[in-house]
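Coordinates as given in entry-v4.cif (mmCIF, C-alpha atoms and all ligand atoms):
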data_entry
#
loop_
_atom_site.label_atom_id
_atom_site.label_comp_id
_atom_site.auth_asym_id
_atom_site.auth_seq_id
_atom_site.Cartn_x
_atom_site.Cartn_y
_atom_site.Cartn_z
CA MET A 30 -12.75 -59.31 -0.33
CA VAL A 31 -16.37 -60.49 -0.18
CA TYR A 32 -18.67 -61.08 -3.11
CA LEU A 33 -21.87 -62.85 -4.11
CA ARG A 34 -21.68 -66.15 -5.95
CA LYS A 35 -24.56 -67.54 -7.96
CA LYS A 36 -25.12 -71.31 -8.27
CA LYS A 37 -27.72 -72.84 -10.57
CA VAL A 38 -29.50 -75.95 -9.27
CA LYS A 39 -32.21 -77.46 -11.49
CA GLY A 40 -32.64 -74.18 -13.34
CA VAL A 41 -32.97 -72.06 -10.18
CA ASP A 42 -30.30 -69.54 -9.13
CA TYR A 43 -29.16 -69.53 -5.48
CA LEU A 44 -26.90 -66.92 -3.90
CA TYR A 45 -23.99 -67.34 -1.47
CA LEU A 46 -22.01 -64.64 0.28
CA VAL A 47 -18.39 -65.65 -0.21
CA LYS A 48 -15.12 -64.41 1.24
CA SER A 49 -11.94 -64.65 -0.78
CA THR A 50 -8.61 -64.72 1.07
CA TRP A 51 -5.06 -65.06 -0.18
CA ASP A 52 -3.23 -68.15 1.03
CA LYS A 53 0.39 -66.97 1.19
CA GLN A 54 1.89 -70.46 1.54
CA LYS A 55 0.00 -72.06 -1.34
CA LYS A 56 0.11 -68.78 -3.31
CA THR A 57 -3.50 -69.12 -4.27
CA SER A 58 -6.83 -67.57 -3.25
CA ARG A 59 -9.22 -69.46 -0.97
CA GLN A 60 -13.02 -69.10 -1.03
CA GLU A 61 -15.07 -69.51 2.11
CA THR A 62 -18.88 -69.29 2.22
CA ILE A 63 -19.96 -66.78 4.86
CA LYS A 64 -23.68 -67.18 4.36
CA TYR A 65 -26.13 -69.04 2.17
CA LEU A 66 -28.65 -66.40 1.11
CA GLY A 67 -31.33 -68.47 -0.60
CA GLN A 68 -33.06 -68.21 -3.94
CA SER A 69 -31.55 -65.35 -5.97
CA SER A 70 -34.87 -63.72 -6.91
CA SER A 71 -35.94 -63.32 -3.29
CA VAL A 72 -32.67 -62.11 -1.73
CA THR A 73 -32.89 -58.57 -0.39
CA ARG A 74 -30.31 -56.24 1.10
CA ASP A 75 -31.54 -57.21 4.57
CA ASP A 76 -30.32 -60.77 4.01
CA ILE A 77 -26.73 -59.50 3.79
CA PRO A 78 -24.94 -59.32 7.18
CA ALA A 79 -24.84 -55.68 8.34
CA GLU A 80 -21.06 -55.34 8.01
CA PHE A 81 -21.21 -56.07 4.25
CA ARG A 82 -24.42 -54.22 3.43
CA ASP A 83 -22.73 -51.08 2.14
CA ASP A 84 -20.24 -52.85 -0.09
CA ALA A 85 -20.64 -51.25 -3.53
CA LYS A 86 -19.79 -54.48 -5.37
CA ILE A 87 -22.42 -56.48 -3.50
CA ASN A 88 -25.04 -53.78 -4.05
CA SER A 89 -24.24 -53.63 -7.73
CA PHE A 90 -24.55 -57.43 -8.05
CA LEU A 91 -27.91 -57.40 -6.28
CA LEU A 92 -29.10 -54.61 -8.54
CA GLN A 93 -28.43 -56.70 -11.61
CA ASN A 94 -29.53 -60.07 -10.29
CA THR A 95 -32.84 -59.32 -8.66
CA PRO A 96 -34.47 -57.13 -11.32
CA LYS A 97 -37.93 -58.41 -10.35
CA ASP A 98 -37.73 -56.52 -7.12
CA ARG A 99 -38.06 -52.99 -8.47
CA GLN A 100 -38.39 -51.37 -5.08
CA MET A 101 -35.10 -52.83 -3.99
CA ARG A 102 -33.41 -51.77 -7.24
CA GLU A 103 -34.51 -48.22 -6.57
CA GLN A 104 -33.22 -48.42 -2.99
CA LEU A 105 -29.84 -49.63 -4.19
CA ILE A 106 -29.61 -46.94 -6.84
CA GLU A 107 -30.39 -44.40 -4.16
CA GLN A 108 -27.60 -45.81 -2.04
CA LEU A 109 -25.05 -45.65 -4.86
CA ARG A 110 -26.13 -42.06 -5.56
CA ASN A 111 -25.50 -41.15 -1.91
CA LYS A 112 -22.07 -42.71 -2.08
CA LEU A 113 -21.24 -40.92 -5.31
CA PHE A 114 -22.48 -37.65 -3.84
CA SER A 115 -20.05 -38.04 -0.90
CA ALA A 116 -17.16 -39.11 -3.14
CA LEU A 117 -17.65 -36.18 -5.52
CA THR A 118 -18.14 -33.51 -2.87
CA GLU A 119 -15.17 -34.82 -0.88
CA GLY A 120 -13.10 -34.65 -4.06
CA SER A 121 -12.11 -38.31 -4.05
CA LEU A 122 -11.48 -39.55 -7.59
CA LYS A 123 -10.51 -42.94 -6.17
CA ASP A 124 -13.85 -43.45 -4.36
CA THR A 125 -15.68 -42.13 -7.42
CA MET A 126 -13.86 -44.64 -9.62
CA ASP A 127 -14.58 -47.48 -7.16
CA ILE A 128 -18.32 -46.73 -7.25
CA TYR A 129 -18.27 -46.58 -11.04
CA SER A 130 -16.27 -49.84 -11.33
CA ALA A 131 -18.56 -51.67 -8.91
CA PHE A 132 -21.66 -50.53 -10.77
CA ILE A 133 -20.34 -51.13 -14.25
CA SER A 134 -19.28 -54.72 -13.55
CA ASP A 135 -22.98 -55.69 -13.73
CA ASN A 136 -24.66 -52.74 -15.44
CA ALA A 137 -24.38 -50.74 -18.66
CA LEU A 138 -22.53 -47.44 -19.06
CA ASP A 139 -25.65 -45.46 -20.05
CA GLN A 140 -27.30 -46.63 -16.82
CA PHE A 141 -24.40 -45.25 -14.80
CA TYR A 142 -24.68 -41.87 -16.50
CA GLU A 143 -28.47 -41.64 -16.53
CA ARG A 144 -29.42 -43.29 -13.25
CA ILE A 145 -26.45 -42.40 -11.04
CA MET A 146 -24.17 -39.56 -12.15
CA THR A 147 -26.52 -37.07 -13.83
CA PRO A 148 -29.08 -37.10 -10.94
CA VAL A 149 -26.23 -36.64 -8.44
CA MET A 150 -24.94 -33.61 -10.37
CA ALA A 151 -28.50 -32.23 -10.44
CA GLU A 152 -28.71 -32.65 -6.65
CA ILE A 153 -25.36 -30.88 -6.23
CA GLY A 154 -26.61 -28.00 -8.40
CA TYR A 155 -29.85 -27.82 -6.43
CA LEU A 156 -28.09 -27.71 -3.05
CA TRP A 157 -25.70 -25.07 -4.38
CA SER A 158 -28.58 -22.91 -5.69
CA GLU A 159 -30.27 -23.22 -2.28
CA GLY A 160 -27.07 -22.03 -0.57
CA LYS A 161 -26.64 -25.41 1.15
CA LEU A 162 -23.42 -26.28 -0.67
CA SER A 163 -20.54 -23.89 -1.29
CA ILE A 164 -19.48 -22.89 -4.79
CA ALA A 165 -16.04 -24.34 -4.01
CA THR A 166 -17.52 -27.78 -3.21
CA GLU A 167 -19.63 -27.62 -6.35
CA HIS A 168 -16.49 -26.89 -8.39
CA VAL A 169 -14.60 -29.77 -6.73
CA ALA A 170 -17.47 -32.16 -7.51
CA SER A 171 -17.73 -30.99 -11.10
CA ASN A 172 -13.97 -31.35 -11.66
CA ILE A 173 -13.94 -34.89 -10.24
CA ALA A 174 -16.93 -35.80 -12.42
CA HIS A 175 -15.03 -34.51 -15.47
CA SER A 176 -11.97 -36.59 -14.52
CA LEU A 177 -14.13 -39.69 -14.12
CA VAL A 178 -15.77 -39.21 -17.52
CA LYS A 179 -12.32 -38.77 -19.09
CA VAL A 180 -11.09 -42.04 -17.55
CA ILE A 181 -14.27 -43.79 -18.74
CA ALA A 182 -13.80 -42.45 -22.28
CA ASP A 183 -10.19 -43.66 -22.40
CA GLU A 184 -11.17 -47.05 -20.97
CA ASN A 185 -13.92 -47.57 -23.51
CA ARG A 186 -12.13 -46.53 -26.67
CA LYS A 187 -12.99 -49.44 -28.94
CA SER A 188 -11.03 -50.49 -31.98
CA LYS A 189 -14.11 -52.13 -33.48
CA LYS A 190 -15.66 -51.13 -36.81
CA LEU A 191 -15.81 -47.34 -37.14
CA GLN A 192 -19.38 -46.11 -36.67
CA GLY A 193 -18.75 -42.54 -37.76
CA LYS A 194 -17.00 -39.29 -36.87
CA ILE A 195 -18.73 -36.83 -34.57
CA VAL A 196 -17.89 -33.26 -33.55
CA LEU A 197 -19.31 -32.16 -30.19
CA THR A 198 -19.49 -28.74 -28.61
CA THR A 199 -21.51 -26.10 -26.77
CA PRO A 200 -22.39 -22.64 -28.11
CA VAL A 201 -20.57 -19.46 -27.13
CA GLY A 202 -21.44 -18.49 -23.54
CA GLU A 203 -22.24 -22.06 -22.51
CA ASP A 204 -19.57 -23.28 -20.10
CA HIS A 205 -21.39 -26.42 -18.99
CA ASN A 206 -19.73 -29.26 -20.87
CA LEU A 207 -20.04 -32.35 -18.69
CA GLY A 208 -23.08 -33.35 -20.79
CA CYS A 209 -20.95 -33.04 -23.92
CA ASN A 210 -18.19 -35.11 -22.33
CA VAL A 211 -20.66 -37.79 -21.24
CA LEU A 212 -22.02 -38.04 -24.80
CA ASP A 213 -18.45 -38.10 -26.09
CA SER A 214 -17.47 -41.01 -23.83
CA PHE A 215 -20.67 -42.92 -24.64
CA LEU A 216 -20.24 -42.47 -28.41
CA VAL A 217 -16.60 -43.55 -28.12
CA SER A 218 -17.72 -46.70 -26.29
CA LYS A 219 -20.01 -47.43 -29.26
CA GLY A 220 -17.17 -47.18 -31.80
CA PHE A 221 -17.44 -43.54 -32.94
CA ILE A 222 -14.45 -41.24 -33.37
CA THR A 223 -15.14 -37.96 -31.59
CA PHE A 224 -13.74 -34.44 -31.71
CA ASN A 225 -14.80 -32.67 -28.56
CA LEU A 226 -14.44 -28.91 -28.99
CA SER A 227 -16.46 -27.97 -25.92
CA PRO A 228 -17.04 -25.64 -24.22
CA SER A 229 -18.05 -22.48 -26.01
CA THR A 230 -16.83 -22.77 -29.61
CA PRO A 231 -17.23 -19.71 -31.87
CA ALA A 232 -19.18 -20.63 -35.03
CA GLU A 233 -16.35 -19.51 -37.36
CA SER A 234 -13.81 -21.85 -35.71
CA LEU A 235 -16.32 -24.68 -35.78
CA ILE A 236 -17.00 -24.17 -39.50
CA GLU A 237 -13.27 -24.24 -40.25
CA PHE A 238 -12.73 -27.34 -38.11
CA ILE A 239 -15.57 -29.18 -39.86
CA LYS A 240 -13.96 -28.43 -43.24
CA THR A 241 -10.84 -30.36 -42.26
CA ALA A 242 -12.24 -33.06 -39.95
CA LYS A 243 -15.15 -33.95 -42.28
CA PRO A 244 -17.39 -35.40 -39.53
CA ASP A 245 -20.60 -37.33 -40.15
CA ALA A 246 -22.54 -35.24 -37.63
CA LEU A 247 -22.36 -32.34 -35.20
CA VAL A 248 -23.72 -32.64 -31.64
CA VAL A 249 -24.54 -29.42 -29.77
CA SER A 250 -25.20 -29.54 -26.04
CA ILE A 251 -27.03 -26.66 -24.37
CA THR A 252 -27.61 -26.44 -20.61
CA LEU A 253 -28.72 -22.86 -19.93
CA GLU A 254 -31.95 -21.53 -21.40
CA ASP A 255 -30.03 -18.30 -21.88
CA SER A 256 -27.71 -20.11 -24.31
CA ILE A 257 -30.48 -21.27 -26.65
CA LYS A 258 -30.34 -18.13 -28.83
CA SER A 259 -26.57 -18.40 -29.09
CA GLY A 260 -27.06 -22.08 -30.01
CA GLN A 261 -29.60 -21.20 -32.69
CA ARG A 262 -27.20 -18.65 -34.23
CA MET A 263 -24.33 -21.14 -34.16
CA VAL A 264 -26.35 -23.95 -35.74
CA LYS A 265 -27.69 -21.59 -38.43
CA LYS A 266 -24.16 -20.49 -39.41
CA VAL A 267 -22.83 -24.05 -39.48
CA HIS A 268 -25.83 -25.20 -41.51
CA GLU A 269 -25.29 -22.41 -44.05
CA ALA A 270 -21.64 -23.44 -44.47
CA HIS A 271 -22.19 -27.22 -44.38
CA LYS A 272 -25.71 -27.80 -45.73
CA ARG A 273 -25.54 -31.60 -45.70
CA LEU A 274 -24.08 -32.06 -42.23
CA PRO A 275 -26.65 -33.51 -39.80
CA ILE A 276 -26.79 -31.43 -36.60
CA PHE A 277 -28.25 -32.75 -33.34
CA ILE A 278 -29.10 -30.39 -30.51
CA GLY A 279 -30.03 -31.38 -26.96
CA GLY A 280 -29.33 -30.97 -23.26
CA GLN A 281 -30.85 -29.65 -20.09
CA ALA A 282 -32.00 -26.37 -21.66
CA PHE A 283 -34.83 -28.34 -23.29
CA SER A 284 -36.07 -30.20 -20.21
CA GLU A 285 -39.15 -27.99 -19.89
CA LYS A 286 -39.81 -26.43 -23.29
CA THR A 287 -38.95 -28.07 -26.59
CA ASN A 288 -40.66 -25.83 -29.17
CA PHE A 289 -37.50 -24.16 -30.43
CA LYS A 290 -36.59 -23.85 -34.11
CA PHE A 291 -33.14 -25.08 -35.14
CA ASP A 292 -31.52 -25.82 -38.48
CA GLY A 293 -30.99 -29.30 -37.13
CA GLU A 294 -32.75 -32.00 -35.11
CA LEU A 295 -33.68 -31.30 -31.51
CA VAL A 296 -33.21 -34.50 -29.50
CA THR A 297 -35.23 -34.19 -26.31
CA TYR A 298 -35.49 -35.94 -22.96
CA LEU A 299 -37.85 -38.47 -24.51
CA HIS A 300 -34.70 -40.10 -25.86
CA THR A 301 -32.27 -42.14 -23.80
CA LEU A 302 -28.48 -42.17 -24.20
CA GLU A 303 -28.74 -45.67 -25.65
CA GLN A 304 -30.89 -44.34 -28.52
CA ILE A 305 -28.55 -41.50 -29.52
CA PRO A 306 -26.00 -43.51 -31.57
CA ARG A 307 -28.92 -45.03 -33.50
CA ILE A 308 -30.52 -41.61 -34.12
CA ILE A 309 -27.18 -40.33 -35.45
CA LYS A 310 -26.62 -43.43 -37.62
CA LYS A 311 -30.09 -43.08 -39.20
CA LYS A 312 -29.06 -39.75 -40.74
C1 LIG B 401 -21.33 -28.38 -12.88
C2 LIG B 401 -22.21 -27.14 -13.02
C3 LIG B 401 -21.58 -25.94 -13.33
C4 LIG B 401 -20.08 -25.83 -13.64
C5 LIG B 401 -19.87 -26.31 -15.07
C6 LIG B 401 -18.49 -26.91 -15.27
C7 LIG B 401 -18.39 -27.59 -16.60
N1 LIG B 401 -17.23 -27.47 -17.19
O1 LIG B 401 -19.30 -28.24 -17.08
C8 LIG B 401 -19.84 -24.31 -13.44
C9 LIG B 401 -19.41 -24.07 -12.01
C10 LIG B 401 -18.82 -23.67 -14.36
C11 LIG B 401 -21.25 -23.75 -13.61
C12 LIG B 401 -21.50 -22.43 -13.93
C13 LIG B 401 -22.76 -21.87 -14.00
N2 LIG B 401 -23.92 -22.49 -13.71
CO1 LIG B 401 -24.06 -24.40 -13.45
N3 LIG B 401 -24.36 -26.16 -12.95
C14 LIG B 401 -23.61 -27.23 -12.85
C15 LIG B 401 -24.43 -28.47 -12.40
C16 LIG B 401 -24.21 -28.65 -10.91
C17 LIG B 401 -24.15 -29.79 -13.10
C18 LIG B 401 -24.29 -29.77 -14.63
C19 LIG B 401 -23.85 -31.12 -15.15
O2 LIG B 401 -22.69 -31.26 -15.50
N4 LIG B 401 -24.73 -32.14 -15.15
C20 LIG B 401 -24.41 -33.51 -15.55
C21 LIG B 401 -24.55 -33.70 -17.06
C22 LIG B 401 -24.04 -35.07 -17.45
O3 LIG B 401 -25.93 -33.62 -17.36
P1 LIG B 401 -26.51 -32.87 -18.65
O4 LIG B 401 -25.66 -31.72 -19.02
O5 LIG B 401 -27.94 -32.63 -18.43
O6 LIG B 401 -26.34 -33.95 -19.82
C23 LIG B 401 -27.16 -35.10 -19.94
C24 LIG B 401 -28.38 -34.88 -20.83
O7 LIG B 401 -28.87 -33.56 -20.76
C25 LIG B 401 -27.93 -35.27 -22.19
N5 LIG B 401 -27.42 -34.25 -23.12
C26 LIG B 401 -26.61 -33.19 -22.89
N6 LIG B 401 -26.33 -32.56 -24.02
C27 LIG B 401 -26.95 -33.21 -25.03
C28 LIG B 401 -26.97 -32.99 -26.42
C29 LIG B 401 -27.70 -33.86 -27.24
C30 LIG B 401 -27.74 -33.64 -28.71
C31 LIG B 401 -28.41 -34.94 -26.64
C32 LIG B 401 -29.20 -35.85 -27.49
C33 LIG B 401 -28.39 -35.15 -25.26
C34 LIG B 401 -27.66 -34.30 -24.47
O8 LIG B 401 -26.87 -36.19 -21.98
C35 LIG B 401 -26.34 -36.14 -20.68
C36 LIG B 401 -26.38 -37.50 -20.04
O9 LIG B 401 -27.65 -37.97 -19.84
C37 LIG B 401 -25.88 -27.99 -12.75
C38 LIG B 401 -26.99 -28.66 -11.94
C39 LIG B 401 -27.86 -29.55 -12.81
N7 LIG B 401 -29.15 -29.53 -12.59
O10 LIG B 401 -27.39 -30.24 -13.67
C40 LIG B 401 -25.77 -26.47 -12.58
C41 LIG B 401 -26.71 -25.52 -13.40
C42 LIG B 401 -26.89 -26.05 -14.81
N8 LIG B 401 -25.97 -24.26 -13.42
C43 LIG B 401 -26.74 -23.25 -13.30
C44 LIG B 401 -26.29 -21.91 -13.29
C45 LIG B 401 -27.31 -20.84 -12.97
C46 LIG B 401 -24.94 -21.59 -13.56
C47 LIG B 401 -24.34 -20.18 -13.67
C48 LIG B 401 -25.19 -19.16 -14.43
C49 LIG B 401 -24.03 -19.72 -12.24
C50 LIG B 401 -23.46 -18.33 -12.12
N9 LIG B 401 -24.29 -17.45 -11.60
O11 LIG B 401 -22.34 -18.08 -12.48
C51 LIG B 401 -22.99 -20.45 -14.38
C52 LIG B 401 -23.10 -20.30 -15.89
C53 LIG B 401 -21.81 -20.55 -16.61
C54 LIG B 401 -21.98 -20.50 -18.12
N10 LIG B 401 -21.86 -19.33 -18.70
O12 LIG B 401 -22.26 -21.51 -18.73
C55 LIG B 401 -28.20 -23.64 -13.16
C56 LIG B 401 -28.98 -23.41 -14.46
C57 LIG B 401 -30.37 -22.86 -14.24
C58 LIG B 401 -31.14 -22.76 -15.55
N11 LIG B 401 -32.23 -23.49 -15.61
O13 LIG B 401 -30.77 -22.09 -16.47
C59 LIG B 401 -28.10 -25.11 -12.71
C60 LIG B 401 -29.27 -26.04 -13.13
C61 LIG B 401 -27.95 -25.14 -11.16
C62 LIG B 401 -29.22 -24.74 -10.45
N12 LIG B 401 -29.94 -25.66 -9.92
O14 LIG B 401 -29.56 -23.60 -10.37
N13 LIG B 401 -22.16 -24.68 -13.43
#
Could I get this structure in the form of C-alpha cells?
Amino acid sequence: MVYLRKKKVKGVDYLYLVKSTWDKQKKTSRQETIKYLGQSSSVTRDDIPAEFRDDAKINSFLLQNTPKDRQMREQLIEQLRNKLFSALTEGSLKDTMDIYSAFISDNALDQFYERIMTPVMAEIGYLWSEGKLSIATEHVASNIAHSLVKVIADENRKSKKLQGKIVLTTPVGEDHNLGCNVLDSFLVSKGFITFNLSPSTPAESLIEFIKTAKPDALVVSITLEDSIKSGQRMVKKVHEAHKRLPIFIGGQAFSEKTNFKFDGELVTYLHTLEQIPRIIKKK
C-alpha cells in the first residue's frame, strides 16, 4: 500500500510518497520512502510517479492538502467522478465503496454527495436520455448508488445528542428517491432520527404515520416537474392535518423554476446539504 505522509519542518509541510509493507518475520509493517515530493502546497499530481497517479487514496489526500491549487482540486474531483462513473455503471459496489472511503478519509460527507455522486448520477441520466447508455445500465448504476447510500447511512448513525425526528418522502407518482436517501443519510450523520417513507407515499398514509411518529419536520423530495402538482396536493393535505408541523420541500424539480406555492418552505439549490440541518433546526 502506498500513501502520502506529511512532515512539518519549521512550520512548513513537506510531502513524502511512502510504501508500507508487512514484515512477516517481525510481524510488523515497514515504511519505505519512495519519493520526496517537496513542499506540500506546491505538489501536483504530476509529481507522483505514473504508476501511483490513479490511486484514489493519494488523489483524495492531495485534494484535501493542496486546497490553494483550485485547478488541481477540480482535476482530481473530475478524476474521482470518472472512477465512480465506471464503478457504478459496471455495477461494482466494492469499487464504489473504495472510492467513497478514499474520498471521505480527507473530505466531508456532503462534499462526496454534492461534488462527486450527484453530478455522476446527472451524467448517467444525461447519457441515458441521449440514448448513449442503456436503461439496464442506468438501473444498475442507480441500484448500486442506493446500496452505497444505505451503507453510508448505517456507518454514520451517531448516538450523539438527538437533534430531532424527521420524516422523509416523495409524493405519489415520484419514484426517484435517491435524493431522499441522500438527505436521510446526511441527517442521520448529524444526529437526527429519520423515518424514510420514500418513494411515493399517499397523503393519507403519511398523515396517519405522522400521528404516531410525532416528527419535528417533514422533508419532501421532488425530482420530476410533473410531480410538483402531486407534491403540492400532498403538502396541503398534511398541513391541514398537522398545522404546526414544519414541511420542507426541495429537489431537482426546482432547479430551474422556484416560484411554486407550497404550504411549507421551499428549499432551493441556493442551499447546500450542510445548511439543511440548520434550516430544519431553526423551525
Ligand atoms: C436514477 C434515475 C431514475 C431511476 C430512479 C430510481 C430511484 N429509486 O431513485 C428510475 C430508473 C426509476 C427513473 C425513472 C424515471 N426517470 Co429518472 N433519473 C434518474 C437519474 C439518472 C438520477 C437521479 C438521482 O438519483 N440523482 C442523484 C440524487 C442524489 O440527486 P437529487 O435527487 O437531485 O438530490 C440532491 C438534491 O436535489 C437535494 N434534494 C433532493 N431532494 C431534496 C429535498 C429537500 C427538502 C432539499 C432541501 C434538498 C433536496 O439533495 C440531493 C443531494 O444533493 C436522473 C438524472 C439526473 N439528472 O439526476 C434521471 C431523471 C431525473 N429521470 C428522468 C426521467 C424522464 C425519468 C422517467 C420519466 C423515465 C421514463 N420515461 O420512464 C421515469 C419516471 C419515474 C417516476 N414516475 O418517477 C429525467 C427527468 C427530466 C425532467 N426534467 O423532468 C432525468 C433528469 C433524466 C434525464 N436527463 O432526462 N429514473
Practice problem: Name all residues at most 12 Å from Asn206 in chain A (count all atoms listed in the file; drop same-chain ones fewer than 5 positions away) and give them as a VMD selection string. | Solution: chain A and resid 171 to 172 174 to 175 178 197 to 201 211 to 213 225 to 230 248 to 253 280 to 281
The distance between CA of Phe132 in chain A and CA of Asp183 in chain A is 17.7 Å
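We find atom C39 of ligand LIG 401 (chain B) and CA of Gly154 in chain A to be spaced 4.8 Å apart.
Computed from the coordinates, the CA of Tyr129 in chain A to CA of Leu177 in chain A distance equals 8.6 Å.
Across A:Lys53, A:His168, A:Arg110, A:Lys36, the tightest approach to Val149 in chain A is made by A:Arg110 when counting all atoms listed in the file.
Residue nearest ligand LIG 401 (chain B) within the list A:His300, A:Arg307, A:Lys312, A:Arg273: A:His300 [criterion: smallest interatomic distance, all atoms listed in the file].
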Mind giving me the axis-aligned box for ligand LIG 401 (chain B) with 4 Å on every side, centre plus edges in Å to one decimal, as AutoDock Vina command-line options?
--center_x -24.7 --center_y -27.7 --center_z -19.3 --size_x 23.0 --size_y 28.5 --size_z 26.8
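Close contacts of Lys266 in chain A, defined as residues with an atom at most 12 Å away when counting all atoms listed in the file, with chain neighbours fewer than 3 positions off set aside, comprise Pro200, Pro231, Ala232, Glu233, Ser234, Leu235, Ile236, Glu237, Ser259, Gly260, Gln261, Arg262, Met263, Glu269, Ala270, His271, Lys272, Leu274, Ile276, Phe291, Asp292 and Gly293 of chain A.
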Next, write the just-selected residues to a file, as a compact mmCIF listing (two decimals), in the frame of the given file, keeping C-alpha atoms as the atom set.
# COMPACT_ATOMS: atom_id res chain seq x y z
CA PRO A 200 -22.39 -22.64 -28.11
CA PRO A 231 -17.23 -19.71 -31.87
CA ALA A 232 -19.18 -20.63 -35.03
CA GLU A 233 -16.35 -19.51 -37.36
CA SER A 234 -13.81 -21.85 -35.71
CA LEU A 235 -16.32 -24.68 -35.78
CA ILE A 236 -17.00 -24.17 -39.50
CA GLU A 237 -13.27 -24.24 -40.25
CA SER A 259 -26.57 -18.40 -29.09
CA GLY A 260 -27.06 -22.08 -30.01
CA GLN A 261 -29.60 -21.20 -32.69
CA ARG A 262 -27.20 -18.65 -34.23
CA MET A 263 -24.33 -21.14 -34.16
CA GLU A 269 -25.29 -22.41 -44.05
CA ALA A 270 -21.64 -23.44 -44.47
CA HIS A 271 -22.19 -27.22 -44.38
CA LYS A 272 -25.71 -27.80 -45.73
CA LEU A 274 -24.08 -32.06 -42.23
CA ILE A 276 -26.79 -31.43 -36.60
CA PHE A 291 -33.14 -25.08 -35.14
CA ASP A 292 -31.52 -25.82 -38.48
CA GLY A 293 -30.99 -29.30 -37.13
With distances taken over all atoms listed in the file, the candidate from A:Leu117, A:Val180, A:Ile106, A:Ala165 nearest Ala85 in chain A is A:Ile106
In terms of all atoms listed in the file, the residue from A:Thr118, A:Asn136, A:Thr223, A:Ser158 at minimal distance from ligand LIG 401 (chain B) is A:Ser158
Checklist entry - Hey, what's within 6 Å of range 58-72 of chain A if we count all atoms listed in the file and toss same-chain stuff fewer than 3 positions away? As a ChimeraX atom specification, please? => result /A:42-52,95
Across A:Ala242, A:Val169, A:Phe141, A:Ala282, the smallest distance to Glu203 in chain A, with all atoms listed in the file counted, is shown by A:Ala282
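The shortest atom-to-atom distance to Leu207 in chain A, with only C-alpha atoms taken into account, belongs to A:Met146 out of A:Leu105, A:Ile195, A:Met146, A:Ala246.
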*Contacts of Ile145 in chain A at 12 Å (all atoms listed in the file; same-chain gap of 3+ positions) as a VMD selection string*: chain A and resid 89 103 105 to 114 125 128 to 129 132 to 133 136 to 142 148 to 152 174
Using only C-alpha atoms and a cutoff of 7 Å, can you tell me which residues are near (-25.9, -38.6, -35.4) in the file's coordinates, and write them out as a compact mmCIF listing (two decimals) with C-alpha atoms, in the coordinates of the input?
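Written out: out_18.txt:
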# COMPACT_ATOMS: atom_id res chain seq x y z
CA ALA A 246 -22.54 -35.24 -37.63
CA PRO A 275 -26.65 -33.51 -39.80
CA PHE A 277 -28.25 -32.75 -33.34
CA PRO A 306 -26.00 -43.51 -31.57
CA ILE A 308 -30.52 -41.61 -34.12
CA ILE A 309 -27.18 -40.33 -35.45
CA LYS A 310 -26.62 -43.43 -37.62
CA LYS A 312 -29.06 -39.75 -40.74
Taking N, CA and C atoms as the atom set, what does range 55-68 of chain A look like once completed, written as a JSON list (two decimals), in the coordinates of the input?
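File part_35.json, as written:
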[["chain", "number", "residue", "atom", "x", "y", "z"],
["A", 55, "LYS", "N", 0.33, -71.35, -0.09],
["A", 55, "LYS", "CA", 0.00, -72.06, -1.34],
["A", 55, "LYS", "C", -0.03, -71.12, -2.54],
["A", 56, "LYS", "N", 0.13, -69.83, -2.26],
["A", 56, "LYS", "CA", 0.11, -68.78, -3.31],
["A", 56, "LYS", "C", -1.13, -68.90, -4.20],
["A", 57, "THR", "N", -2.24, -69.03, -3.52],
["A", 57, "THR", "CA", -3.50, -69.12, -4.27],
["A", 57, "THR", "C", -4.63, -68.52, -3.42],
["A", 58, "SER", "N", -5.74, -68.14, -4.05],
["A", 58, "SER", "CA", -6.83, -67.57, -3.25],
["A", 58, "SER", "C", -7.76, -68.70, -2.78],
["A", 59, "ARG", "N", -8.35, -68.46, -1.57],
["A", 59, "ARG", "CA", -9.22, -69.46, -0.97],
["A", 59, "ARG", "C", -10.61, -68.86, -0.80],
["A", 60, "GLN", "N", -11.66, -69.61, -1.16],
["A", 60, "GLN", "CA", -13.02, -69.10, -1.03],
["A", 60, "GLN", "C", -13.73, -69.77, 0.13],
["A", 61, "GLU", "N", -14.37, -68.95, 0.94],
["A", 61, "GLU", "CA", -15.07, -69.51, 2.11],
["A", 61, "GLU", "C", -16.49, -68.92, 2.13],
["A", 62, "THR", "N", -17.50, -69.80, 2.20],
["A", 62, "THR", "CA", -18.88, -69.29, 2.22],
["A", 62, "THR", "C", -19.20, -68.70, 3.58],
["A", 63, "ILE", "N", -19.60, -67.43, 3.59],
["A", 63, "ILE", "CA", -19.96, -66.78, 4.86],
["A", 63, "ILE", "C", -21.43, -67.05, 5.18],
["A", 64, "LYS", "N", -22.25, -66.97, 4.12],
["A", 64, "LYS", "CA", -23.68, -67.18, 4.36],
["A", 64, "LYS", "C", -24.39, -67.66, 3.10],
["A", 65, "TYR", "N", -25.24, -68.63, 3.27],
["A", 65, "TYR", "CA", -26.13, -69.04, 2.17],
["A", 65, "TYR", "C", -27.32, -68.10, 2.21],
["A", 66, "LEU", "N", -27.63, -67.45, 1.08],
["A", 66, "LEU", "CA", -28.65, -66.40, 1.11],
["A", 66, "LEU", "C", -30.02, -66.83, 0.57],
["A", 67, "GLY", "N", -30.05, -67.99, -0.09],
["A", 67, "GLY", "CA", -31.33, -68.47, -0.60],
["A", 67, "GLY", "C", -31.50, -68.19, -2.08],
["A", 68, "GLN", "N", -32.75, -68.35, -2.52],
["A", 68, "GLN", "CA", -33.06, -68.21, -3.94],
["A", 68, "GLN", "C", -32.78, -66.77, -4.40]]
